[in-house]
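Participant: If it helps, the file is called work-v9.tsv and holds TSV, N, CA and C atoms:
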chain	number	residue	atom	x	y	z
A	1	MET	N	16.82	16.10	-13.03
A	1	MET	CA	16.76	16.21	-11.60
A	1	MET	C	16.87	14.82	-10.98
A	2	GLU	N	17.66	14.70	-9.92
A	2	GLU	CA	17.82	13.43	-9.21
A	2	GLU	C	16.53	13.07	-8.48
A	3	PRO	N	16.14	11.79	-8.51
A	3	PRO	CA	14.94	11.41	-7.77
A	3	PRO	C	15.15	11.63	-6.27
A	4	GLN	N	14.11	12.11	-5.60
A	4	GLN	CA	14.14	12.25	-4.14
A	4	GLN	C	13.69	10.94	-3.52
A	5	GLY	N	14.29	10.57	-2.43
A	5	GLY	CA	13.86	9.37	-1.74
A	5	GLY	C	14.61	8.13	-2.21
A	6	LEU	N	14.09	6.99	-1.81
A	6	LEU	CA	14.71	5.69	-2.08
A	6	LEU	C	13.93	4.93	-3.12
A	7	GLY	N	14.65	4.20	-3.94
A	7	GLY	CA	14.03	3.35	-4.95
A	7	GLY	C	13.84	1.93	-4.44
A	8	ARG	N	13.40	1.07	-5.34
A	8	ARG	CA	13.03	-0.31	-5.01
A	8	ARG	C	14.17	-1.08	-4.33
A	9	ASP	N	15.35	-1.07	-4.90
A	9	ASP	CA	16.44	-1.88	-4.35
A	9	ASP	C	16.79	-1.46	-2.92
A	10	GLU	N	16.83	-0.16	-2.67
A	10	GLU	CA	17.17	0.31	-1.33
A	10	GLU	C	16.06	-0.01	-0.34
A	11	TRP	N	14.80	0.13	-0.76
A	11	TRP	CA	13.70	-0.23	0.15
A	11	TRP	C	13.71	-1.72	0.46
A	12	LEU	N	13.98	-2.56	-0.54
A	12	LEU	CA	14.06	-3.99	-0.27
A	12	LEU	C	15.18	-4.31	0.70
A	13	ARG	N	16.32	-3.66	0.53
A	13	ARG	CA	17.45	-3.87	1.45
A	13	ARG	C	17.05	-3.48	2.88
A	14	ARG	N	16.38	-2.36	3.01
A	14	ARG	CA	15.98	-1.91	4.34
A	14	ARG	C	14.90	-2.81	4.95
A	15	MET	N	14.00	-3.30	4.14
A	15	MET	CA	12.97	-4.20	4.66
A	15	MET	C	13.59	-5.50	5.17
A	16	VAL	N	14.63	-5.98	4.50
A	16	VAL	CA	15.35	-7.17	4.99
A	16	VAL	C	15.97	-6.87	6.35
A	17	LEU	N	16.55	-5.69	6.52
A	17	LEU	CA	17.14	-5.32	7.81
A	17	LEU	C	16.07	-5.23	8.90
A	18	VAL	N	14.92	-4.69	8.59
A	18	VAL	CA	13.83	-4.65	9.57
A	18	VAL	C	13.41	-6.07	9.94
A	19	ASP	N	13.29	-6.95	8.94
A	19	ASP	CA	12.94	-8.35	9.20
A	19	ASP	C	13.98	-9.00	10.11
A	20	GLN	N	15.24	-8.77	9.85
A	20	GLN	CA	16.29	-9.35	10.69
A	20	GLN	C	16.20	-8.82	12.12
A	21	GLY	N	15.89	-7.52	12.26
A	21	GLY	CA	15.73	-6.94	13.59
A	21	GLY	C	14.56	-7.55	14.33
A	22	LEU	N	13.47	-7.78	13.64
A	22	LEU	CA	12.31	-8.42	14.26
A	22	LEU	C	12.64	-9.84	14.69
A	23	ARG	N	13.35	-10.56	13.85
A	23	ARG	CA	13.72	-11.95	14.19
A	23	ARG	C	14.60	-11.99	15.43
A	24	ARG	N	15.52	-11.01	15.55
A	24	ARG	CA	16.36	-10.95	16.76
A	24	ARG	C	15.53	-10.73	18.01
A	25	GLN	N	14.39	-10.07	17.86
A	25	GLN	CA	13.47	-9.85	18.98
A	25	GLN	C	12.56	-11.06	19.20
A	26	GLY	N	12.66	-12.04	18.32
A	26	GLY	CA	11.78	-13.19	18.42
A	26	GLY	C	10.38	-12.89	17.90
A	27	THR	N	10.28	-11.90	17.01
A	27	THR	CA	9.00	-11.44	16.48
A	27	THR	C	8.99	-11.57	14.97
A	28	ARG	N	7.82	-11.84	14.42
A	28	ARG	CA	7.64	-11.83	12.97
A	28	ARG	C	6.41	-10.98	12.68
A	29	ALA	N	6.35	-10.47	11.48
A	29	ALA	CA	5.20	-9.64	11.12
A	29	ALA	C	4.90	-9.79	9.64
A	30	ARG	N	3.66	-9.65	9.31
A	30	ARG	CA	3.23	-9.56	7.92
A	30	ARG	C	2.82	-8.11	7.72
A	31	LEU	N	3.48	-7.44	6.80
A	31	LEU	CA	3.21	-6.03	6.54
A	31	LEU	C	2.47	-5.88	5.22
A	32	THR	N	1.55	-4.97	5.19
A	32	THR	CA	0.87	-4.61	3.95
A	32	THR	C	1.36	-3.22	3.56
A	33	ILE	N	2.04	-3.13	2.43
A	33	ILE	CA	2.56	-1.86	1.94
A	33	ILE	C	1.44	-1.17	1.16
A	34	VAL	N	1.17	0.08	1.48
A	34	VAL	CA	0.10	0.82	0.83
A	34	VAL	C	0.68	2.09	0.19
A	35	GLY	N	-0.10	2.73	-0.65
A	35	GLY	CA	0.31	3.98	-1.27
A	35	GLY	C	1.38	3.78	-2.32
A	36	SER	N	2.23	4.77	-2.47
A	36	SER	CA	3.26	4.72	-3.52
A	36	SER	C	4.28	3.62	-3.27
A	37	GLY	N	4.45	3.20	-2.01
A	37	GLY	CA	5.39	2.13	-1.70
A	37	GLY	C	5.08	0.85	-2.44
A	38	ALA	N	3.80	0.57	-2.62
A	38	ALA	CA	3.42	-0.63	-3.37
A	38	ALA	C	3.89	-0.55	-4.81
A	39	ALA	N	3.76	0.62	-5.43
A	39	ALA	CA	4.23	0.81	-6.81
A	39	ALA	C	5.75	0.72	-6.89
A	40	ILE	N	6.43	1.27	-5.91
A	40	ILE	CA	7.89	1.22	-5.89
A	40	ILE	C	8.35	-0.24	-5.81
A	41	LEU	N	7.80	-0.98	-4.85
A	41	LEU	CA	8.23	-2.38	-4.67
A	41	LEU	C	7.81	-3.27	-5.82
A	42	ALA	N	6.77	-2.88	-6.55
A	42	ALA	CA	6.35	-3.63	-7.73
A	42	ALA	C	7.27	-3.34	-8.93
A	43	GLY	N	8.16	-2.35	-8.77
A	43	GLY	CA	9.12	-2.06	-9.83
A	43	GLY	C	8.74	-0.96	-10.79
A	44	GLN	N	7.77	-0.14	-10.43
A	44	GLN	CA	7.39	0.95	-11.33
A	44	GLN	C	8.59	1.88	-11.53
A	45	PRO	N	9.02	2.08	-12.76
A	45	PRO	CA	10.22	2.88	-13.04
A	45	PRO	C	10.08	4.32	-12.55
A	46	GLY	N	11.16	4.83	-12.00
A	46	GLY	CA	11.22	6.23	-11.61
A	46	GLY	C	10.53	6.58	-10.31
A	47	ARG	N	9.90	5.62	-9.63
A	47	ARG	CA	9.21	5.91	-8.38
A	47	ARG	C	10.19	5.84	-7.22
A	48	THR	N	10.13	6.83	-6.34
A	48	THR	CA	10.92	6.84	-5.12
A	48	THR	C	10.05	7.40	-3.99
A	49	SER	N	10.50	7.19	-2.77
A	49	SER	CA	9.79	7.74	-1.62
A	49	SER	C	10.76	7.86	-0.45
A	50	ILE	N	10.50	8.83	0.41
A	50	ILE	CA	11.33	8.97	1.61
A	50	ILE	C	10.79	8.10	2.75
A	51	ASP	N	9.57	7.55	2.59
A	51	ASP	CA	9.02	6.65	3.59
A	51	ASP	C	8.08	5.66	2.93
A	52	LEU	N	7.79	4.60	3.66
A	52	LEU	CA	6.82	3.61	3.21
A	52	LEU	C	5.66	3.62	4.20
A	53	ASP	N	4.46	3.64	3.68
A	53	ASP	CA	3.28	3.52	4.52
A	53	ASP	C	2.92	2.04	4.61
A	54	VAL	N	2.78	1.56	5.84
A	54	VAL	CA	2.48	0.14	6.03
A	54	VAL	C	1.31	-0.02	6.99
A	55	TRP	N	0.66	-1.16	6.85
A	55	TRP	CA	-0.31	-1.59	7.83
A	55	TRP	C	0.22	-2.89	8.38
A	56	SER	N	0.13	-3.04	9.69
A	56	SER	CA	0.59	-4.26	10.33
A	56	SER	C	-0.24	-4.54	11.56
A	57	ALA	N	-0.53	-5.81	11.78
A	57	ALA	CA	-1.26	-6.20	12.98
A	57	ALA	C	-0.31	-6.37	14.16
A	58	MET	N	1.00	-6.29	13.91
A	58	MET	CA	1.95	-6.47	15.02
A	58	MET	C	1.84	-5.32	15.99
A	59	GLY	N	2.26	-5.54	17.20
A	59	GLY	CA	2.20	-4.51	18.21
A	59	GLY	C	3.08	-3.31	17.89
A	60	ARG	N	2.62	-2.15	18.28
A	60	ARG	CA	3.35	-0.91	18.03
A	60	ARG	C	4.74	-0.94	18.66
A	61	GLU	N	4.85	-1.48	19.88
A	61	GLU	CA	6.14	-1.48	20.57
A	61	GLU	C	7.18	-2.30	19.82
A	62	ALA	N	6.81	-3.47	19.33
A	62	ALA	CA	7.76	-4.31	18.59
A	62	ALA	C	8.20	-3.64	17.30
A	63	ARG	N	7.23	-3.05	16.57
A	63	ARG	CA	7.56	-2.35	15.33
A	63	ARG	C	8.45	-1.14	15.61
A	64	GLN	N	8.12	-0.41	16.66
A	64	GLN	CA	8.91	0.78	17.01
A	64	GLN	C	10.32	0.39	17.41
A	65	LYS	N	10.47	-0.66	18.18
A	65	LYS	CA	11.81	-1.11	18.60
A	65	LYS	C	12.64	-1.53	17.39
A	66	ALA	N	12.03	-2.29	16.48
A	66	ALA	CA	12.76	-2.75	15.30
A	66	ALA	C	13.22	-1.59	14.44
A	67	THR	N	12.35	-0.60	14.25
A	67	THR	CA	12.72	0.53	13.40
A	67	THR	C	13.68	1.47	14.12
A	68	GLU	N	13.53	1.65	15.42
A	68	GLU	CA	14.46	2.50	16.17
A	68	GLU	C	15.87	1.91	16.14
A	69	ASN	N	15.96	0.59	16.31
A	69	ASN	CA	17.27	-0.06	16.32
A	69	ASN	C	18.02	0.13	15.01
A	70	LEU	N	17.29	0.33	13.93
A	70	LEU	CA	17.91	0.55	12.63
A	70	LEU	C	18.03	2.02	12.28
A	71	GLY	N	17.52	2.90	13.14
A	71	GLY	CA	17.56	4.32	12.86
A	71	GLY	C	16.50	4.76	11.87
A	72	TYR	N	15.41	3.98	11.72
A	72	TYR	CA	14.39	4.26	10.73
A	72	TYR	C	13.11	4.82	11.32
A	73	LEU	N	13.08	5.07	12.62
A	73	LEU	CA	11.85	5.53	13.23
A	73	LEU	C	11.44	6.89	12.69
A	74	THR	N	10.20	7.01	12.33
A	74	THR	CA	9.65	8.28	11.88
A	74	THR	C	8.50	8.68	12.79
A	75	ALA	N	8.06	9.90	12.68
A	75	ALA	CA	6.91	10.35	13.47
A	75	ALA	C	5.71	9.46	13.23
A	76	MET	N	5.53	9.04	11.98
A	76	MET	CA	4.39	8.19	11.66
A	76	MET	C	4.48	6.84	12.35
A	77	SER	N	5.65	6.23	12.34
A	77	SER	CA	5.75	4.90	12.96
A	77	SER	C	5.62	5.02	14.47
A	78	ALA	N	6.04	6.14	15.05
A	78	ALA	CA	5.88	6.33	16.48
A	78	ALA	C	4.40	6.38	16.84
A	79	LYS	N	3.56	6.84	15.91
A	79	LYS	CA	2.12	6.90	16.16
A	79	LYS	C	1.43	5.60	15.74
A	80	GLY	N	2.19	4.68	15.14
A	80	GLY	CA	1.61	3.40	14.78
A	80	GLY	C	1.29	3.24	13.31
A	81	GLY	N	1.72	4.15	12.44
A	81	GLY	CA	1.29	4.10	11.05
A	81	GLY	C	2.27	3.55	10.06
A	82	GLY	N	3.53	3.83	10.13
A	82	GLY	CA	4.43	3.45	9.06
A	82	GLY	C	5.83	3.13	9.52
A	83	ILE	N	6.65	2.73	8.57
A	83	ILE	CA	8.06	2.46	8.84
A	83	ILE	C	8.87	3.47	8.08
Can I see the file as structure tokens?
Facilitator:
Amino acid sequence: MEPQGLGRDEWLRRMVLVDQGLRRQGTRARLTIVGSGAAILAGQPGRTSIDLDVWSAMGREARQKATENLGYLTAMSAKGGGI
């Protein structure tokens, strides 16, 4: 069976795009990846996810704008929880 969701390389690519979007806004953020996303980014084989759960001290509006501009906004990020 094909893994559902995105693996490490694709998540890293997308996180770079989010970072670039934030920089274009003149914003930077330090994100803490929690849950299975941490295992995926650490390289655990076979792990995938359709979303990453993050904690960030950055403002909700800046995070929402960065993710919307990339088409990555989810219900969770709209409420302030994830990307």
Participant: Work out how far apart atom CA of Arg30 of chain A and atom CA of Thr48 of chain A are and give it in Å to one decimal.
Facilitator: 22.3 Å
Participant: Identify which of the residues A:Trp11, A:Asp53, A:Gly59, A:Leu70 lies closest to Thr32 of chain A, counting only C-alpha atoms when measuring atom-to-atom distances.
Facilitator: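 For Thr32 of chain A, the nearest of the candidates is A:Asp53.
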Participant: From the list A:Arg23, A:Arg60, A:Arg28, A:Arg47, which residue is nearest Leu6 of chain A when using only N, CA and C atoms?
Facilitator: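 Result for the nearest residue to Leu6 of chain A: A:Arg47.
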Participant: Could you give me the centre and size, in Å to one decimal, of an axis-aligned box around all listed atoms of segment 24-43 of chain A with 4 Å added on every side, as JSON?
Facilitator:
{"center_x": 8.1, "center_y": -4.2, "center_z": 4.2, "size_x": 24.5, "size_y": 26.0, "size_z": 38.0}
Participant: Between atom N of Gln44 of chain A and atom N of Glu10 of chain A, what distance in Å does the model show, to one decimal?
Facilitator: 11.9 Å
Participant: Would you work out the distance separating atom N of Ile33 of chain A from atom C of Leu52 of chain A, expressed in Å to one decimal?
Facilitator: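 Taking atom N of Ile33 of chain A and atom C of Leu52 of chain A, their separation equals 7.9 Å.
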Participant: Residues within 8 Å of Leu22 of chain A, please, as number ranges by chain. Count only N, CA and C atoms; anything in the same chain fewer than 4 positions from it doesn't count.
Facilitator: A: 16-18, 26-29, 62-63, 65-67
Participant: Return the single residue from A:Asp51, A:Ser36, A:Leu31, A:Leu41 that is closest to Leu12 of chain A, with distances computed using all atoms listed in the file.
Facilitator: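 Nearest candidate to Leu12 of chain A out of A:Asp51, A:Ser36, A:Leu31, A:Leu41: A:Leu41.
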